[in-house]
Amino acid sequence: MRATFIDKAISYVSPRFAARRVLQRAAFDKLVGSGRRGYEGASKGRRTEGWKTAGTSADAEIEMAGPVLRSRMRDLVRNNPHAAKAMSVLSTNIIGDGILPRAKTGDDKLDKKVNDLWDEWSKRCDADGQLDFLGLQTLACREMLEGGEVLVRRRARRVSDGLPVPMQIQILEADLLDSNRTLTAVGGMNIVQGVEFDKIGRRSKYWLFASHPGDNHAYTAAGVTSKAYPAADILHVYEKQRTQVRGVPWGSPALITLRDLDEYEDAELMRKKVEACLVGVVTGGDEADMSLGIPLGEDQKPGIYDADGTLVERFEPGMFLHARGGRDVKFNDPAAKSGHEAYKRVTLRSVAAGFRVPYELISGDLAEVNYSSIRAGLVEFRRLVSSVQWQLFIPMLCQPVWDWFIDTAQTAGLLPDGKFPVEWSPPRFVSVDPFKDAMAALMEVRSGQRSLLDVIAETGRNPRAVLNEIAEANKLLDQLGIKLDSDPRHTDKSGILQDPAVIAAALSDGGGTANSKAKA
């Protein structure tokens, strides 16, 4: 509360009354202000004095911080085990064995033809010739998590190349997108960090470098100059947290915390090394006392010397140090407990929150969990993974690649014209208790809440293919005269053999005869 002109005038006559007046007015303003409606987070005062904020757009923030965030995240993934584990946990849960497609045109023969063609093409779809489509999914996911975004380029091939479908795809790191190319062109076309938009705001071109700017051989005329590529041949995969054009690495909120933890562990390790090296210090003697065999020269100054009289500048295991003129021995007493474990546990919880991964998965610490707690934590994490699969990876990567595949196959005359709907099956989550989950799925099917096809699809397999396998297995069992207690055609759910006549009657009249015979 600042003093007004009247307060200052009164202070010349009565400083005490002026001070009391200022304090009373401040108390009154605080009392009246406490009843006002508003956001406490927007208040100004001592608690928010150092809180500096900026009203910049997402693109402006990413333009300044994006390259630095990518470099720091990659450094942590290379050198920090917890960052590497977080990336591994996220990628293996989001992609796992791969997100699989199934054609669903309604024509079984056509679906089989498309699925077979996809299977053949997906094995040779990598422009680098090393991975299949499932491997490219994992690579794209890791690039998005670590670098914040990833580019996928369609590469047209000749029919003479011998590919099932004359097309391949190439994974490009975000660094190849020219982030310094930002301008407003004449005619309403804008370029934002290497992404060009047309007059109505659609992405029309991507400005890419010919090679990675960080390569040793990149600084050539072609390496430092970006070139425009049609947006129809480029996929840009990243998480949109705001209406931004570029992405940021996952775990960016935890970068500083993880770096501080890394440095703390280095310091803690050095402390333990010093404690392990130093056994004791000989002190308490006169400088002229040679009883301990320290050869002191005239030019030696007071300090710490070894048994040969050499000034100690580094520690080695099992050392006894001699203070000049020392007579007494003081043994080193290492600290039994430094609080390192508790500090690391609390810090890793913050790091896990920043990466949006459960603490137990990023640390491997399962000492304080039980079945209920780990299941509750995994349920929330699986919801996150499911949303990333269905809201990010499938619409931004998988579906566009499928459309490229169908379009190229139709152009090459491998498929008829028309639309080819597709269903995507993300990987199945590994159950904490498979028996309980299987019983829950069984009850949902029996109560009509889910279909058998939906339960099978949740495992990542084609329901029709599974049912065909079951039909073929049943046919083979009947031919061989084998009756298994897992076959509901012959046994009930408890494994007891059922009467064939009862089963036939139940199938013929909806169960009325079977029920009457059962009662009899």
# chains A, B, ... in the order shown; residues from 1 in each chain; ligands from 1
call {"tool": "select_by_dssp", "arguments": {"residues": "segment 183-287 of chain A", "states": "strand (DSSP E)", "output": "PyMOL selection string"}}
result
chain A and resi 183-184+190-192+195-197+203-208+227-230+234-238+278-283
call {"tool": "write_last_selection", "arguments": {"atoms": "N, CA, C and O atoms", "output": "mmCIF file, in the first residue's frame"}}
result
data_model
loop_
_atom_site.group_PDB
_atom_site.id
_atom_site.type_symbol
_atom_site.label_atom_id
_atom_site.label_comp_id
_atom_site.auth_asym_id
_atom_site.auth_seq_id
_atom_site.Cartn_x
_atom_site.Cartn_y
_atom_site.Cartn_z
ATOM 1 N N LEU A 183 7.345 -16.831 -43.165
ATOM 2 C CA LEU A 183 7.073 -15.553 -43.834
ATOM 3 C C LEU A 183 5.643 -15.548 -44.321
ATOM 4 O O LEU A 183 4.981 -16.574 -44.423
ATOM 5 N N THR A 184 5.190 -14.327 -44.634
ATOM 6 C CA THR A 184 3.867 -14.126 -45.214
ATOM 7 C C THR A 184 4.054 -13.718 -46.653
ATOM 8 O O THR A 184 4.580 -12.638 -46.935
ATOM 9 N N ASN A 190 0.921 -18.363 -46.445
ATOM 10 C CA ASN A 190 1.821 -18.188 -45.309
ATOM 11 C C ASN A 190 2.716 -19.410 -45.158
ATOM 12 O O ASN A 190 2.320 -20.544 -45.485
ATOM 13 N N ILE A 191 3.917 -19.180 -44.634
ATOM 14 C CA ILE A 191 4.838 -20.253 -44.291
ATOM 15 C C ILE A 191 5.171 -20.101 -42.812
ATOM 16 O O ILE A 191 5.663 -19.054 -42.389
ATOM 17 N N VAL A 192 4.883 -21.127 -42.041
ATOM 18 C CA VAL A 192 5.133 -21.119 -40.602
ATOM 19 C C VAL A 192 6.094 -22.250 -40.275
ATOM 20 O O VAL A 192 5.733 -23.428 -40.378
ATOM 21 N N VAL A 195 6.267 -24.976 -42.891
ATOM 22 C CA VAL A 195 5.002 -25.520 -43.373
ATOM 23 C C VAL A 195 4.250 -24.409 -44.096
ATOM 24 O O VAL A 195 3.951 -23.374 -43.500
ATOM 25 N N GLU A 196 3.962 -24.633 -45.353
ATOM 26 C CA GLU A 196 3.295 -23.616 -46.159
ATOM 27 C C GLU A 196 1.798 -23.890 -46.214
ATOM 28 O O GLU A 196 1.361 -25.034 -46.396
ATOM 29 N N PHE A 197 1.010 -22.806 -46.089
ATOM 30 C CA PHE A 197 -0.442 -22.886 -46.113
ATOM 31 C C PHE A 197 -0.969 -22.094 -47.297
ATOM 32 O O PHE A 197 -0.403 -21.056 -47.679
ATOM 33 N N ARG A 203 -2.708 -26.999 -45.533
ATOM 34 C CA ARG A 203 -1.287 -27.263 -45.748
ATOM 35 C C ARG A 203 -1.081 -27.639 -47.210
ATOM 36 O O ARG A 203 -1.709 -28.578 -47.711
ATOM 37 N N SER A 204 -0.189 -26.920 -47.853
ATOM 38 C CA SER A 204 0.039 -27.146 -49.283
ATOM 39 C C SER A 204 1.439 -27.658 -49.582
ATOM 40 O O SER A 204 1.626 -28.445 -50.504
ATOM 41 N N LYS A 205 2.444 -27.245 -48.785
ATOM 42 C CA LYS A 205 3.823 -27.655 -49.050
ATOM 43 C C LYS A 205 4.594 -27.780 -47.737
ATOM 44 O O LYS A 205 4.252 -27.131 -46.739
ATOM 45 N N TYR A 206 5.647 -28.593 -47.787
ATOM 46 C CA TYR A 206 6.595 -28.717 -46.681
ATOM 47 C C TYR A 206 7.984 -28.391 -47.224
ATOM 48 O O TYR A 206 8.410 -28.964 -48.234
ATOM 49 N N TRP A 207 8.688 -27.504 -46.543
ATOM 50 C CA TRP A 207 10.026 -27.102 -46.962
ATOM 51 C C TRP A 207 11.042 -27.954 -46.208
ATOM 52 O O TRP A 207 11.225 -27.811 -44.993
ATOM 53 N N LEU A 208 11.693 -28.855 -46.940
ATOM 54 C CA LEU A 208 12.581 -29.839 -46.335
ATOM 55 C C LEU A 208 14.007 -29.673 -46.847
ATOM 56 O O LEU A 208 14.231 -29.293 -48.006
ATOM 57 N N LYS A 227 13.810 -27.189 -49.796
ATOM 58 C CA LYS A 227 13.036 -27.300 -51.029
ATOM 59 C C LYS A 227 11.612 -27.667 -50.675
ATOM 60 O O LYS A 227 11.360 -28.412 -49.728
ATOM 61 N N ALA A 228 10.667 -27.146 -51.447
ATOM 62 C CA ALA A 228 9.247 -27.385 -51.178
ATOM 63 C C ALA A 228 8.807 -28.716 -51.764
ATOM 64 O O ALA A 228 9.135 -29.046 -52.913
ATOM 65 N N TYR A 229 8.048 -29.491 -50.961
ATOM 66 C CA TYR A 229 7.474 -30.763 -51.396
ATOM 67 C C TYR A 229 5.968 -30.703 -51.181
ATOM 68 O O TYR A 229 5.493 -30.138 -50.185
ATOM 69 N N PRO A 230 5.180 -31.287 -52.076
ATOM 70 C CA PRO A 230 3.713 -31.228 -51.932
ATOM 71 C C PRO A 230 3.249 -31.875 -50.626
ATOM 72 O O PRO A 230 3.752 -32.923 -50.219
ATOM 73 N N ILE A 234 3.413 -35.858 -47.920
ATOM 74 C CA ILE A 234 4.055 -35.757 -46.604
ATOM 75 C C ILE A 234 2.996 -35.933 -45.522
ATOM 76 O O ILE A 234 1.920 -35.330 -45.581
ATOM 77 N N LEU A 235 3.320 -36.751 -44.531
ATOM 78 C CA LEU A 235 2.507 -36.863 -43.322
ATOM 79 C C LEU A 235 3.273 -36.227 -42.177
ATOM 80 O O LEU A 235 4.471 -36.465 -42.016
ATOM 81 N N HIS A 236 2.577 -35.423 -41.390
ATOM 82 C CA HIS A 236 3.189 -34.728 -40.253
ATOM 83 C C HIS A 236 2.501 -35.228 -38.986
ATOM 84 O O HIS A 236 1.341 -34.896 -38.716
ATOM 85 N N VAL A 237 3.203 -36.036 -38.209
ATOM 86 C CA VAL A 237 2.622 -36.698 -37.038
ATOM 87 C C VAL A 237 3.164 -36.040 -35.780
ATOM 88 O O VAL A 237 4.381 -36.037 -35.546
ATOM 89 N N TYR A 238 2.294 -35.491 -34.973
ATOM 90 C CA TYR A 238 2.679 -34.886 -33.699
ATOM 91 C C TYR A 238 1.433 -34.681 -32.854
ATOM 92 O O TYR A 238 0.309 -34.768 -33.351
ATOM 93 N N LEU A 278 38.869 -42.498 1.544
ATOM 94 C CA LEU A 278 39.521 -41.922 2.716
ATOM 95 C C LEU A 278 39.276 -42.794 3.939
ATOM 96 O O LEU A 278 38.133 -42.994 4.357
ATOM 97 N N VAL A 279 40.359 -43.340 4.522
ATOM 98 C CA VAL A 279 40.261 -44.165 5.729
ATOM 99 C C VAL A 279 40.376 -43.310 6.982
ATOM 100 O O VAL A 279 39.606 -43.431 7.922
ATOM 101 N N GLY A 280 41.367 -42.427 7.018
ATOM 102 C CA GLY A 280 41.567 -41.592 8.203
ATOM 103 C C GLY A 280 42.585 -40.507 7.939
ATOM 104 O O GLY A 280 43.280 -40.490 6.920
ATOM 105 N N VAL A 281 42.705 -39.572 8.904
ATOM 106 C CA VAL A 281 43.637 -38.451 8.836
ATOM 107 C C VAL A 281 44.457 -38.421 10.116
ATOM 108 O O VAL A 281 43.903 -38.501 11.221
ATOM 109 N N VAL A 282 45.800 -38.334 9.964
ATOM 110 C CA VAL A 282 46.706 -38.242 11.106
ATOM 111 C C VAL A 282 46.883 -36.761 11.436
ATOM 112 O O VAL A 282 47.362 -35.983 10.618
ATOM 113 N N THR A 283 46.506 -36.344 12.650
ATOM 114 C CA THR A 283 46.543 -34.931 13.038
ATOM 115 C C THR A 283 47.137 -34.785 14.430
ATOM 116 O O THR A 283 47.421 -35.768 15.129
#
call {"tool": "closest_residue", "arguments": {"among": "A:Leu90, A:Leu453, A:Ala19, A:Val357", "to": "Leu145 of chain A", "atoms": "only C-alpha atoms"}}
result
A:Leu90
call {"tool": "residues_around", "arguments": {"residues": "Phe5 of chain A", "least_positions_apart": "4", "cutoff": "12 Å", "atoms": "only C-alpha atoms", "output": "JSON, numbers by chain"}}
result
{"A": [9, 10, 11, 12, 18, 22]}
call {"tool": "closest_residue", "arguments": {"among": "A:Gly41, A:Ala440, A:Cys398, A:Cys125", "to": "Arg157 of chain A", "atoms": "only C-alpha atoms"}}
result
A:Cys125
call {"tool": "select_by_dssp", "arguments": {"residues": "segment 81-314 of chain A", "states": "helix (DSSP H, G or I)", "output": "MDAnalysis selection string"}}
result
chainID A and resid 81:94 108:122 133:147 159:161 174:176 231:233 252:277
call {"tool": "atom_distance", "arguments": {"atom1": "atom CA of Phe133 of chain A", "atom2": "atom CA of Val455 of chain A"}}
result
24.9 Å
call {"tool": "atom_distance", "arguments": {"atom1": "atom CA of Val165 of chain A", "atom2": "atom CA of Trp118 of chain A"}}
result
8.6 Å
call {"tool": "closest_residue", "arguments": {"among": "A:Asp233, A:Asp487, A:Asp454, A:Glu423", "to": "Val401 of chain A", "atoms": "only C-alpha atoms"}}
result
A:Asp233
call {"tool": "residues_around", "arguments": {"residues": "segment 404-408 of chain A", "least_positions_apart": "4", "cutoff": "8 Å", "atoms": "only C-alpha atoms", "output": "list of chain:residue names"}}
result
A:Trp118, A:Arg154, A:Val165, A:Pro166, A:Met167, A:Pro400, A:Ala412, A:Leu415, A:Phe420
call {"tool": "write_last_selection", "arguments": {"atoms": "N, CA and C atoms", "output": "PDB file, in the first residue's frame"}}
result
ATOM      1  N   TRP A 118      -1.762 -56.184 -49.051  1.00  0.00           N
ATOM      2  CA  TRP A 118      -1.171 -55.340 -47.999  1.00  0.00           C
ATOM      3  C   TRP A 118      -0.065 -56.079 -47.252  1.00  0.00           C
ATOM      4  N   ARG A 154       5.929 -40.062 -48.889  1.00  0.00           N
ATOM      5  CA  ARG A 154       5.577 -41.079 -49.877  1.00  0.00           C
ATOM      6  C   ARG A 154       6.577 -41.024 -51.032  1.00  0.00           C
ATOM      7  N   VAL A 165       3.354 -53.303 -54.605  1.00  0.00           N
ATOM      8  CA  VAL A 165       2.691 -52.056 -54.988  1.00  0.00           C
ATOM      9  C   VAL A 165       3.805 -51.032 -55.199  1.00  0.00           C
ATOM     10  N   PRO A 166       3.836 -50.331 -56.316  1.00  0.00           N
ATOM     11  CA  PRO A 166       4.962 -49.432 -56.628  1.00  0.00           C
ATOM     12  C   PRO A 166       4.976 -48.164 -55.768  1.00  0.00           C
ATOM     13  N   MET A 167       5.202 -48.330 -54.488  1.00  0.00           N
ATOM     14  CA  MET A 167       5.270 -47.200 -53.559  1.00  0.00           C
ATOM     15  C   MET A 167       5.999 -47.640 -52.310  1.00  0.00           C
ATOM     16  N   PRO A 400      -3.797 -42.485 -43.465  1.00  0.00           N
ATOM     17  CA  PRO A 400      -3.247 -41.899 -44.698  1.00  0.00           C
ATOM     18  C   PRO A 400      -2.353 -42.855 -45.476  1.00  0.00           C
ATOM     19  N   ALA A 412      -2.086 -48.732 -60.404  1.00  0.00           N
ATOM     20  CA  ALA A 412      -1.297 -49.784 -61.049  1.00  0.00           C
ATOM     21  C   ALA A 412      -2.164 -50.923 -61.577  1.00  0.00           C
ATOM     22  N   LEU A 415      -6.013 -53.285 -58.015  1.00  0.00           N
ATOM     23  CA  LEU A 415      -7.297 -53.324 -57.309  1.00  0.00           C
ATOM     24  C   LEU A 415      -8.339 -52.589 -58.136  1.00  0.00           C
ATOM     25  N   PHE A 420     -12.335 -48.551 -50.176  1.00  0.00           N
ATOM     26  CA  PHE A 420     -11.942 -49.753 -49.441  1.00  0.00           C
ATOM     27  C   PHE A 420     -11.888 -49.409 -47.947  1.00  0.00           C
TER      28      PHE A 420
END
call {"tool": "residues_around", "arguments": {"residues": "segment 264-269 of chain A", "least_positions_apart": "4", "cutoff": "9 Å", "atoms": "only C-alpha atoms", "output": "ChimeraX atom specification"}}
result
/A:259-260,273-274,338,340,344
call {"tool": "closest_atom_pairs", "arguments": {"of": "segment 20-132 of chain A", "to": "segment 249-256 of chain A", "cutoff": "8 Å", "atoms": "only C-alpha atoms", "output": "JSON lines"}}
result
{"residue": "A:Leu69", "atom": "CA", "partner": "A:Pro249", "partner_atom": "CA", "distance": 6.8}
{"residue": "A:Arg70", "atom": "CA", "partner": "A:Pro249", "partner_atom": "CA", "distance": 6.4}
{"residue": "A:Arg72", "atom": "CA", "partner": "A:Leu255", "partner_atom": "CA", "distance": 7.7}
{"residue": "A:Met73", "atom": "CA", "partner": "A:Pro249", "partner_atom": "CA", "distance": 7.1}
call {"tool": "closest_residue", "arguments": {"among": "A:Thr105, A:Lys123, A:Gln244, A:Leu134", "to": "Ala60 of chain A", "atoms": "only C-alpha atoms"}}
result
A:Gln244
call {"tool": "atom_distance", "arguments": {"atom1": "atom CA of Ile99 of chain A", "atom2": "atom CA of Ser425 of chain A"}}
result
5.5 Å
call {"tool": "residues_around", "arguments": {"residues": "Arg21 of chain A", "least_positions_apart": "3", "cutoff": "10 Å", "atoms": "only C-alpha atoms", "output": "short mmCIF file (atom, residue, chain, number, x, y, z; two decimals) with N, CA and C atoms, in the first residue's frame"}}
result
data_model
loop_
_atom_site.label_atom_id
_atom_site.label_comp_id
_atom_site.auth_asym_id
_atom_site.auth_seq_id
_atom_site.Cartn_x
_atom_site.Cartn_y
_atom_site.Cartn_z
N ALA A 3 1.70 5.30 0.21
CA ALA A 3 1.18 6.47 0.93
C ALA A 3 0.73 7.53 -0.07
N ASP A 7 -1.43 11.42 3.14
CA ASP A 7 -0.65 10.68 4.14
C ASP A 7 0.70 11.34 4.37
N ILE A 10 0.22 14.57 6.36
CA ILE A 10 -0.03 14.32 7.78
C ILE A 10 1.25 13.87 8.48
N SER A 11 2.12 13.13 7.74
CA SER A 11 3.33 12.62 8.37
C SER A 11 4.25 13.73 8.84
N PRO A 15 3.82 11.76 12.38
CA PRO A 15 4.23 10.53 11.66
C PRO A 15 3.51 9.29 12.17
N ARG A 16 3.31 9.19 13.48
CA ARG A 16 2.65 8.01 14.03
C ARG A 16 1.23 7.90 13.52
N PHE A 17 0.46 9.00 13.52
CA PHE A 17 -0.91 8.97 13.03
C PHE A 17 -0.95 8.66 11.52
N ALA A 18 0.02 9.18 10.76
CA ALA A 18 0.06 8.91 9.31
C ALA A 18 0.33 7.42 9.04
N GLN A 24 -4.28 1.11 8.50
CA GLN A 24 -5.71 0.86 8.61
C GLN A 24 -6.37 0.84 7.23
N ARG A 25 -5.93 1.71 6.31
CA ARG A 25 -6.51 1.69 4.98
C ARG A 25 -6.14 0.41 4.22
N ALA A 26 -4.91 -0.07 4.45
CA ALA A 26 -4.49 -1.33 3.82
C ALA A 26 -5.31 -2.50 4.33
N ALA A 27 -5.57 -2.51 5.65
CA ALA A 27 -6.38 -3.58 6.22
C ALA A 27 -7.81 -3.52 5.70
#
call {"tool": "residues_around", "arguments": {"residues": "Glu239 of chain A", "least_positions_apart": "6", "cutoff": "8 Å", "atoms": "only C-alpha atoms", "output": "PyMOL selection string"}}
result
chain A and resi 148-149+247-248+392
call {"tool": "closest_atom_pairs", "arguments": {"of": "segment 427-496 of chain A", "to": "segment 362-385 of chain A", "cutoff": "12 Å", "atoms": "only C-alpha atoms", "output": "JSON lines"}}
result
{"residue": "A:Pro427", "atom": "CA", "partner": "A:Val385", "partner_atom": "CA", "distance": 10.6}
{"residue": "A:Arg428", "atom": "CA", "partner": "A:Arg382", "partner_atom": "CA", "distance": 10.5}
{"residue": "A:Phe429", "atom": "CA", "partner": "A:Arg382", "partner_atom": "CA", "distance": 7.9}
{"residue": "A:Val430", "atom": "CA", "partner": "A:Leu378", "partner_atom": "CA", "distance": 10.5}
{"residue": "A:Ser431", "atom": "CA", "partner": "A:Arg375", "partner_atom": "CA", "distance": 9.2}
{"residue": "A:Val432", "atom": "CA", "partner": "A:Arg375", "partner_atom": "CA", "distance": 7.0}
{"residue": "A:Asp433", "atom": "CA", "partner": "A:Tyr371", "partner_atom": "CA", "distance": 8.8}
{"residue": "A:Asp437", "atom": "CA", "partner": "A:Arg375", "partner_atom": "CA", "distance": 11.7}
call {"tool": "write_last_selection", "arguments": {"atoms": "all heavy atoms", "output": "PDB file, in the first residue's frame"}}
result
ATOM      1  N   PRO A 427      -2.543 -52.986 -30.642  1.00  0.00           N
ATOM      2  CA  PRO A 427      -2.083 -54.167 -29.893  1.00  0.00           C
ATOM      3  C   PRO A 427      -2.879 -54.355 -28.604  1.00  0.00           C
ATOM      4  O   PRO A 427      -3.361 -53.401 -27.998  1.00  0.00           O
ATOM      5  CB  PRO A 427      -0.616 -53.866 -29.603  1.00  0.00           C
ATOM      6  CG  PRO A 427      -0.525 -52.376 -29.646  1.00  0.00           C
ATOM      7  CD  PRO A 427      -1.507 -51.948 -30.704  1.00  0.00           C
ATOM      8  N   ARG A 428      -2.989 -55.597 -28.223  1.00  0.00           N
ATOM      9  CA  ARG A 428      -3.716 -55.928 -27.001  1.00  0.00           C
ATOM     10  C   ARG A 428      -2.877 -55.583 -25.781  1.00  0.00           C
ATOM     11  O   ARG A 428      -1.668 -55.804 -25.757  1.00  0.00           O
ATOM     12  CB  ARG A 428      -4.047 -57.419 -27.002  1.00  0.00           C
ATOM     13  CG  ARG A 428      -4.734 -57.910 -25.749  1.00  0.00           C
ATOM     14  CD  ARG A 428      -4.879 -59.426 -25.792  1.00  0.00           C
ATOM     15  NE  ARG A 428      -5.578 -59.926 -24.619  1.00  0.00           N
ATOM     16  CZ  ARG A 428      -5.772 -61.224 -24.384  1.00  0.00           C
ATOM     17  NH1 ARG A 428      -5.314 -62.125 -25.234  1.00  0.00           N
ATOM     18  NH2 ARG A 428      -6.417 -61.600 -23.302  1.00  0.00           N
ATOM     19  N   PHE A 429      -3.523 -55.028 -24.769  1.00  0.00           N
ATOM     20  CA  PHE A 429      -2.839 -54.760 -23.517  1.00  0.00           C
ATOM     21  C   PHE A 429      -2.647 -56.069 -22.750  1.00  0.00           C
ATOM     22  O   PHE A 429      -3.582 -56.862 -22.615  1.00  0.00           O
ATOM     23  CB  PHE A 429      -3.631 -53.785 -22.648  1.00  0.00           C
ATOM     24  CG  PHE A 429      -3.651 -52.379 -23.187  1.00  0.00           C
ATOM     25  CD1 PHE A 429      -4.821 -51.820 -23.659  1.00  0.00           C
ATOM     26  CD2 PHE A 429      -2.495 -51.635 -23.223  1.00  0.00           C
ATOM     27  CE1 PHE A 429      -4.843 -50.532 -24.159  1.00  0.00           C
ATOM     28  CE2 PHE A 429      -2.504 -50.344 -23.715  1.00  0.00           C
ATOM     29  CZ  PHE A 429      -3.680 -49.782 -24.185  1.00  0.00           C
ATOM     30  N   VAL A 430      -1.462 -56.273 -22.260  1.00  0.00           N
ATOM     31  CA  VAL A 430      -1.182 -57.467 -21.471  1.00  0.00           C
ATOM     32  C   VAL A 430      -1.907 -57.351 -20.137  1.00  0.00           C
ATOM     33  O   VAL A 430      -1.793 -56.348 -19.429  1.00  0.00           O
ATOM     34  CB  VAL A 430       0.330 -57.640 -21.250  1.00  0.00           C
ATOM     35  CG1 VAL A 430       0.611 -58.877 -20.397  1.00  0.00           C
ATOM     36  CG2 VAL A 430       1.040 -57.760 -22.590  1.00  0.00           C
ATOM     37  N   SER A 431      -2.652 -58.367 -19.788  1.00  0.00           N
ATOM     38  CA  SER A 431      -3.487 -58.331 -18.589  1.00  0.00           C
ATOM     39  C   SER A 431      -2.659 -58.573 -17.334  1.00  0.00           C
ATOM     40  O   SER A 431      -1.735 -59.401 -17.331  1.00  0.00           O
ATOM     41  CB  SER A 431      -4.597 -59.370 -18.700  1.00  0.00           C
ATOM     42  OG  SER A 431      -5.342 -59.426 -17.504  1.00  0.00           O
ATOM     43  N   VAL A 432      -3.026 -57.869 -16.268  1.00  0.00           N
ATOM     44  CA  VAL A 432      -2.409 -58.113 -14.964  1.00  0.00           C
ATOM     45  C   VAL A 432      -2.897 -59.440 -14.407  1.00  0.00           C
ATOM     46  O   VAL A 432      -2.141 -60.200 -13.796  1.00  0.00           O
ATOM     47  CB  VAL A 432      -2.724 -56.960 -13.996  1.00  0.00           C
ATOM     48  CG1 VAL A 432      -2.137 -57.232 -12.620  1.00  0.00           C
ATOM     49  CG2 VAL A 432      -2.193 -55.646 -14.540  1.00  0.00           C
ATOM     50  N   ASP A 433      -4.177 -59.749 -14.628  1.00  0.00           N
ATOM     51  CA  ASP A 433      -4.769 -61.017 -14.201  1.00  0.00           C
ATOM     52  C   ASP A 433      -5.581 -61.554 -15.375  1.00  0.00           C
ATOM     53  O   ASP A 433      -6.771 -61.232 -15.529  1.00  0.00           O
ATOM     54  CB  ASP A 433      -5.660 -60.814 -12.976  1.00  0.00           C
ATOM     55  CG  ASP A 433      -6.086 -62.132 -12.334  1.00  0.00           C
ATOM     56  OD1 ASP A 433      -6.135 -63.142 -13.063  1.00  0.00           O
ATOM     57  OD2 ASP A 433      -6.355 -62.153 -11.124  1.00  0.00           O
ATOM     58  N   ASP A 437      -9.827 -61.112 -16.352  1.00  0.00           N
ATOM     59  CA  ASP A 437     -10.222 -60.369 -17.553  1.00  0.00           C
ATOM     60  C   ASP A 437     -10.983 -61.272 -18.525  1.00  0.00           C
ATOM     61  O   ASP A 437     -11.939 -60.827 -19.184  1.00  0.00           O
ATOM     62  CB  ASP A 437      -8.988 -59.786 -18.232  1.00  0.00           C
ATOM     63  CG  ASP A 437      -8.381 -58.631 -17.438  1.00  0.00           C
ATOM     64  OD1 ASP A 437      -9.092 -58.101 -16.555  1.00  0.00           O
ATOM     65  OD2 ASP A 437      -7.224 -58.274 -17.688  1.00  0.00           O
TER      66      ASP A 437
END
call {"tool": "decode", "arguments": {"residues": "segment 416-426 of chain A", "atoms": "N, CA, C and O atoms", "output": "mmCIF file, in the first residue's frame"}}
result
data_model
loop_
_atom_site.group_PDB
_atom_site.id
_atom_site.type_symbol
_atom_site.label_atom_id
_atom_site.label_comp_id
_atom_site.auth_asym_id
_atom_site.auth_seq_id
_atom_site.Cartn_x
_atom_site.Cartn_y
_atom_site.Cartn_z
ATOM 1 N N PRO A 416 -9.600 -52.978 -58.037
ATOM 2 C CA PRO A 416 -10.649 -52.262 -58.771
ATOM 3 C C PRO A 416 -10.909 -50.888 -58.154
ATOM 4 O O PRO A 416 -10.560 -50.632 -56.995
ATOM 5 N N ASP A 417 -11.541 -50.036 -58.930
ATOM 6 C CA ASP A 417 -11.884 -48.714 -58.419
ATOM 7 C C ASP A 417 -12.949 -48.826 -57.336
ATOM 8 O O ASP A 417 -13.722 -49.791 -57.281
ATOM 9 N N GLY A 418 -12.970 -47.808 -56.495
ATOM 10 C CA GLY A 418 -13.948 -47.790 -55.416
ATOM 11 C C GLY A 418 -13.285 -47.568 -54.074
ATOM 12 O O GLY A 418 -12.058 -47.481 -53.963
ATOM 13 N N LYS A 419 -14.122 -47.467 -53.057
ATOM 14 C CA LYS A 419 -13.623 -47.248 -51.703
ATOM 15 C C LYS A 419 -13.349 -48.581 -51.020
ATOM 16 O O LYS A 419 -14.051 -49.563 -51.243
ATOM 17 N N PHE A 420 -12.335 -48.551 -50.176
ATOM 18 C CA PHE A 420 -11.942 -49.753 -49.441
ATOM 19 C C PHE A 420 -11.888 -49.409 -47.947
ATOM 20 O O PHE A 420 -10.841 -49.004 -47.436
ATOM 21 N N PRO A 421 -13.016 -49.531 -47.246
ATOM 22 C CA PRO A 421 -13.007 -49.249 -45.796
ATOM 23 C C PRO A 421 -12.059 -50.203 -45.074
ATOM 24 O O PRO A 421 -11.799 -51.322 -45.523
ATOM 25 N N VAL A 422 -11.555 -49.747 -43.944
ATOM 26 C CA VAL A 422 -10.570 -50.528 -43.204
ATOM 27 C C VAL A 422 -10.839 -50.388 -41.709
ATOM 28 O O VAL A 422 -11.314 -49.344 -41.247
ATOM 29 N N GLU A 423 -10.578 -51.449 -40.980
ATOM 30 C CA GLU A 423 -10.637 -51.423 -39.519
ATOM 31 C C GLU A 423 -9.225 -51.608 -38.989
ATOM 32 O O GLU A 423 -8.458 -52.441 -39.490
ATOM 33 N N TRP A 424 -8.889 -50.830 -37.965
ATOM 34 C CA TRP A 424 -7.548 -50.894 -37.369
ATOM 35 C C TRP A 424 -7.628 -51.554 -36.005
ATOM 36 O O TRP A 424 -8.535 -51.282 -35.215
ATOM 37 N N SER A 425 -6.670 -52.422 -35.737
ATOM 38 C CA SER A 425 -6.628 -53.154 -34.460
ATOM 39 C C SER A 425 -5.327 -52.835 -33.741
ATOM 40 O O SER A 425 -4.265 -53.344 -34.112
ATOM 41 N N PRO A 426 -5.378 -51.968 -32.726
ATOM 42 C CA PRO A 426 -4.171 -51.703 -31.926
ATOM 43 C C PRO A 426 -3.767 -52.946 -31.146
ATOM 44 O O PRO A 426 -4.554 -53.879 -30.988
#
